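Asker: One structure, as structure tokens, below. Some questions next.
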Amino acid sequence: MRFATKTTGSALAVITAMAAPMAQAENRIDTQMPNAPDMAAYGDAAIGVRQLDLVHKDQIDILSIDPAADKPETLPRYDRPLTVEVWYPAAEGATGDTAIKAFIRDGKTEVTLQGKAMRDVDPAQPDAAYPLVIVSHGYPGNRFLMSHLAENIASKGYVVASIDHTDSTYRTQAAFGSTLVNRSLDQLFVLDEMARLSQDESSFLNGLVDADNTGLIGYSMGGYGAVITAGGGVTEASVGYGWGGPHGTLGIHQAGSETHTNLPDPRIKTAIAIGPWGMNTGFWDAEGLKGVQIPMLFMAGSEDMVSLYEKGVRGIWENASSVDRALLTFENGGHNAAAPMPAPAESFRDDADLGFNVSSHYTDPVWDTARMNNIAQHFATVWMGQHLKGDAEMDGYLDLVENSNDGVWSMNEDGTPKEDHNYWKGFDKDTAKGLRYETMSPE
């Protein structure tokens, strides 16, 4: 039996009022929550943003290799296109459009994001070039997935280059083997290009980038790439996976191989890996991870069901035994902990082709996304400030009791801390909750 319904004028008004915020949503990526930790705040620099279209010539064309056929005598090659979004300190007094056009997870819907960065404005003219931070998204993703972090870091005196990894974006998603083989190669190619453009008098980046002082931030498959770029070699077993790099093409990243031994670049001083993938499927072991050569900060949700936690991200952190490293854990957070921007309003819908609600690509069942973004901005600022700028003032922000819930807030009336005060530095009273920060030193 069906029942006819009638929408009254008052009910229609309520529905309209509820729909209005969705229709008028700005999709902001620059939200600062009232409980944001101190170093999440934007820096003093105005921010510019520009698009670069790069081509990595003569790369193995993974998509043209048939894994079911015999290995070709000569592997096919192609010129690999890479679009890169660059955030940078802008000239004083610059004004411009702060809208960003980006596709979301369905690969079909283009939305407008709003931040603080101004499109195509003149860069600042610094006395010294800025450190470089390279940002690498997941599979699938795109160069705007961590735009909240990119523009925040740029406001503090960095140039940030965020990559659209071909065959890994929402609109180019293709054989997974391409991502496995190319992710680290893309990161290092963009480093080379940023260094080249900083020496190019015709480029807006001329004199702007100190590529010899570079940090890397990767999420999920970007974190996988960051581990390889940092020196972690993959296992022999993973090179042979039938669903991986066809005909052993992943062997260039195998631990102990000449190609992987020669891969790490001394210009990259540190890396942050958020939810890095691979330990969960046998890509890493203790011997391969011992090859990591630079200090690393890992971030993860304790309930990550994609990369896993105990047998995933935490395992990578524990086994990168040659370097100083830290692990920031969002208790009960999932794979979307820290990295993705807030879900655009247009993503809150079920998609028949995907088979899930588009917003789930960005959201977490427990944690507020903007809150996690602010925490990630805080720790990324501190970590990069310490390792790329040598800022000793950052050290205290990482001298933390392991469990944030155990921190004691104990202040004198004049606002100075008492002897038993050990609350997480940079967090206001009662705001450091549900987090763990652990460190390990080289063995």
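Within each chain, counting starts at residue 1; across the structure tokens, chains are named A, B, ... in the order shown, with ligands numbered 1 upward in that order.
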Where does DSSP see helix (DSSP H, G or I) in stretch 44-180 of chain A, if you list the residues as JSON, numbers by chain?
Answerer: {"A": [62, 63, 64, 147, 148, 149, 150, 151, 152, 153, 154, 176, 177, 178, 179, 180]}
Asker: Those same residues, written as a PDB file, in the first residue's frame with N, CA, C and O atoms?
Answerer:
ATOM      1  N   ILE A  62      53.872   1.116 -18.155  1.00  0.00           N
ATOM      2  CA  ILE A  62      53.318  -0.046 -17.465  1.00  0.00           C
ATOM      3  C   ILE A  62      51.986  -0.470 -18.079  1.00  0.00           C
ATOM      4  O   ILE A  62      51.697  -1.664 -18.221  1.00  0.00           O
ATOM      5  N   LEU A  63      51.181   0.485 -18.482  1.00  0.00           N
ATOM      6  CA  LEU A  63      49.851   0.163 -18.996  1.00  0.00           C
ATOM      7  C   LEU A  63      49.904  -0.553 -20.351  1.00  0.00           C
ATOM      8  O   LEU A  63      48.929  -1.196 -20.750  1.00  0.00           O
ATOM      9  N   SER A  64      51.021  -0.453 -21.038  1.00  0.00           N
ATOM     10  CA  SER A  64      51.143  -1.110 -22.351  1.00  0.00           C
ATOM     11  C   SER A  64      51.763  -2.502 -22.260  1.00  0.00           C
ATOM     12  O   SER A  64      52.006  -3.140 -23.279  1.00  0.00           O
ATOM     13  N   SER A 147      45.331  19.720   0.062  1.00  0.00           N
ATOM     14  CA  SER A 147      45.529  21.157  -0.175  1.00  0.00           C
ATOM     15  C   SER A 147      45.492  21.962   1.116  1.00  0.00           C
ATOM     16  O   SER A 147      46.153  23.001   1.223  1.00  0.00           O
ATOM     17  N   HIS A 148      44.730  21.494   2.104  1.00  0.00           N
ATOM     18  CA  HIS A 148      44.700  22.177   3.403  1.00  0.00           C
ATOM     19  C   HIS A 148      46.090  22.242   4.015  1.00  0.00           C
ATOM     20  O   HIS A 148      46.478  23.242   4.640  1.00  0.00           O
ATOM     21  N   LEU A 149      46.852  21.182   3.852  1.00  0.00           N
ATOM     22  CA  LEU A 149      48.193  21.105   4.420  1.00  0.00           C
ATOM     23  C   LEU A 149      49.190  21.868   3.560  1.00  0.00           C
ATOM     24  O   LEU A 149      50.065  22.570   4.077  1.00  0.00           O
ATOM     25  N   ALA A 150      49.027  21.783   2.253  1.00  0.00           N
ATOM     26  CA  ALA A 150      49.962  22.436   1.335  1.00  0.00           C
ATOM     27  C   ALA A 150      49.973  23.948   1.511  1.00  0.00           C
ATOM     28  O   ALA A 150      51.037  24.563   1.640  1.00  0.00           O
ATOM     29  N   GLU A 151      48.793  24.563   1.507  1.00  0.00           N
ATOM     30  CA  GLU A 151      48.791  26.024   1.599  1.00  0.00           C
ATOM     31  C   GLU A 151      49.148  26.490   3.003  1.00  0.00           C
ATOM     32  O   GLU A 151      49.751  27.544   3.182  1.00  0.00           O
ATOM     33  N   ASN A 152      48.810  25.695   4.018  1.00  0.00           N
ATOM     34  CA  ASN A 152      49.178  26.047   5.393  1.00  0.00           C
ATOM     35  C   ASN A 152      50.691  26.075   5.545  1.00  0.00           C
ATOM     36  O   ASN A 152      51.259  27.020   6.117  1.00  0.00           O
ATOM     37  N   ILE A 153      51.370  25.063   5.018  1.00  0.00           N
ATOM     38  CA  ILE A 153      52.830  25.014   5.108  1.00  0.00           C
ATOM     39  C   ILE A 153      53.458  26.151   4.310  1.00  0.00           C
ATOM     40  O   ILE A 153      54.420  26.789   4.755  1.00  0.00           O
ATOM     41  N   ALA A 154      52.914  26.432   3.129  1.00  0.00           N
ATOM     42  CA  ALA A 154      53.468  27.502   2.295  1.00  0.00           C
ATOM     43  C   ALA A 154      53.424  28.843   3.002  1.00  0.00           C
ATOM     44  O   ALA A 154      54.316  29.683   2.814  1.00  0.00           O
ATOM     45  N   PHE A 176      47.158  -0.906 -11.107  1.00  0.00           N
ATOM     46  CA  PHE A 176      47.832  -0.591  -9.848  1.00  0.00           C
ATOM     47  C   PHE A 176      49.348  -0.692  -9.985  1.00  0.00           C
ATOM     48  O   PHE A 176      50.094  -0.002  -9.291  1.00  0.00           O
ATOM     49  N   GLY A 177      49.810  -1.537 -10.890  1.00  0.00           N
ATOM     50  CA  GLY A 177      51.245  -1.680 -11.081  1.00  0.00           C
ATOM     51  C   GLY A 177      51.934  -0.382 -11.449  1.00  0.00           C
ATOM     52  O   GLY A 177      53.090  -0.156 -11.089  1.00  0.00           O
ATOM     53  N   SER A 178      51.223   0.489 -12.155  1.00  0.00           N
ATOM     54  CA  SER A 178      51.804   1.785 -12.510  1.00  0.00           C
ATOM     55  C   SER A 178      52.095   2.608 -11.271  1.00  0.00           C
ATOM     56  O   SER A 178      53.139   3.264 -11.164  1.00  0.00           O
ATOM     57  N   THR A 179      51.166   2.589 -10.320  1.00  0.00           N
ATOM     58  CA  THR A 179      51.373   3.314  -9.065  1.00  0.00           C
ATOM     59  C   THR A 179      52.550   2.721  -8.293  1.00  0.00           C
ATOM     60  O   THR A 179      53.391   3.455  -7.758  1.00  0.00           O
ATOM     61  N   LEU A 180      52.616   1.408  -8.222  1.00  0.00           N
ATOM     62  CA  LEU A 180      53.688   0.752  -7.480  1.00  0.00           C
ATOM     63  C   LEU A 180      55.066   1.118  -8.025  1.00  0.00           C
ATOM     64  O   LEU A 180      55.998   1.397  -7.267  1.00  0.00           O
TER      65      LEU A 180
END
Asker: If DSSP is run on the backbone, what residues of stretch 35-196 of chain A are strand (DSSP E or B)? A reply as an MDAnalysis selection string would be ideal.
Answerer: chainID A and resid 47:60 77:90 99:103 110:114 118:119 123 130:136 141 159:164 169
Asker: Here is a test: counting only C-alpha atoms, which residue of A:Arg196, A:Ile274, A:Asp210, A:Asn403 is nearest to A:Gly138?
Answerer: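 Of A:Arg196, A:Ile274, A:Asp210, A:Asn403, the one nearest A:Gly138, counting only C-alpha atoms, is A:Ile274.
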Asker: Between A:Lys418, A:Arg183, A:Arg314, A:Lys156, which residue has the minimum interatomic distance to A:Leu250, considering only C-alpha atoms?
Answerer: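 Closest to A:Leu250 of all the choices is A:Arg183.
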Asker: Point out the residue among A:Ser359, A:Ser441, A:Thr31, A:Ser347 with the least atom-to-atom distance to A:Ala326, counting only C-alpha atoms.
Answerer: A:Ser441
Asker: Do you have the atom CA of A:Ala195-atom CA of A:Met341 distance handy?
Answerer: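 Pair atom CA of A:Ala195 / atom CA of A:Met341 returns 27.9 Å.
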Asker: So that I can check the surroundings of A:Asp122, please list as a list in words every protein, DNA and RNA residue that reaches within 12 Å of it, counting only C-alpha atoms and ignoring chain neighbours fewer than 5 positions away.
Answerer: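 Here the qualifying residues turn out to be Ala46, Ile47, Gly48, Val49, Arg50, Trp87, Tyr88, Pro89, Ala90, Ala91, Glu92, Gly93, Ala94, Thr95, Gly96, Ala117, Ser203, Phe204, Leu205, Asn206 and Leu208 of chain A.
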Asker: Excluding A:Tyr139 and residues on its chain fewer than 2 positions from it, collect all residues at most 9 Å away from it, counting only C-alpha atoms, and give them as a list in words.
Answerer: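 So, after excluding close chain neighbours, the residues are His137, Gly141, Asn142, His165, Asp167, Ser168, Thr169, Tyr170, Gln173, Phe176, Thr179, Ser220, Met221 and Gly222 of chain A.
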Asker: Between atom CA of A:Asp414 and atom CA of A:Gly43, what is the distance in Å, rounded to a tenth?
Answerer: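 Going from atom CA of A:Asp414 over to atom CA of A:Gly43 covers 27.6 Å.
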Asker: Quick one: residues within 9 Å of stretch 25-30 of chain A, only C-alpha atoms counted, chain neighbours fewer than 6 positions away excluded, as a tab-separated table (two decimals) with C-alpha atoms, in the first residue's frame?
Answerer:
chain	number	residue	atom	x	y	z
A	42	TYR	CA	48.63	30.05	9.28
A	111	VAL	CA	33.77	21.42	-7.33
A	112	THR	CA	35.08	24.73	-6.07
A	113	LEU	CA	37.30	24.75	-3.00
A	114	GLN	CA	38.09	27.91	-1.07
A	115	GLY	CA	41.31	28.59	0.79
A	116	LYS	CA	43.71	31.47	1.31
A	146	MET	CA	45.93	17.55	0.97
A	147	SER	CA	45.53	21.16	-0.17
A	148	HIS	CA	44.70	22.18	3.40
A	149	LEU	CA	48.19	21.11	4.42
A	151	GLU	CA	48.79	26.02	1.60
A	152	ASN	CA	49.18	26.05	5.39
A	341	MET	CA	40.69	17.76	3.19
A	342	PRO	CA	37.13	18.17	4.56
A	343	ALA	CA	34.59	16.42	2.35
A	344	PRO	CA	33.17	18.83	-0.26
A	345	ALA	CA	29.42	19.37	0.08
A	346	GLU	CA	28.86	17.81	-3.31
A	370	ALA	CA	39.00	19.73	10.22
Asker: Counting only C-alpha atoms, what is within 9 Å of A:Ala41, bar same-chain residues fewer than 5 positions away, as a VMD selection string?
Answerer: chain A and resid 32 36 152 374 377 to 378
Asker: Measure the distance from atom CA of A:Thr166 to atom CA of A:Val292 in Å and round it to one decimal.
Answerer: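 Distance between the two atoms: 25.5 Å.
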Asker: List the spatial neighbours of stretch 389-402 of chain A as a list in words - criterion: any atom at most 10 Å away, only C-alpha atoms, same-chain residues fewer than 6 positions off excluded.
Answerer: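 Using only C-alpha atoms, the neighbours found are Asp38, Met39, Tyr130, Pro131, Gly157, Tyr158, Asn213, Ala326, Leu328, His378, Phe379, Thr381, Val382, Trp383, Val408, Asn422, Tyr423, Trp424, Lys425, Gly426, Phe427, Leu435, Arg436, Tyr437, Glu438 and Thr439 of chain A.
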Asker: Which residue is closest to A:Asp164? Choose from A:Glu310, A:Asp58, A:Asp53, A:Glu443 and count only C-alpha atoms.
Answerer: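 Looking only at the distances to A:Asp164, the closest residue turns out to be A:Asp53.
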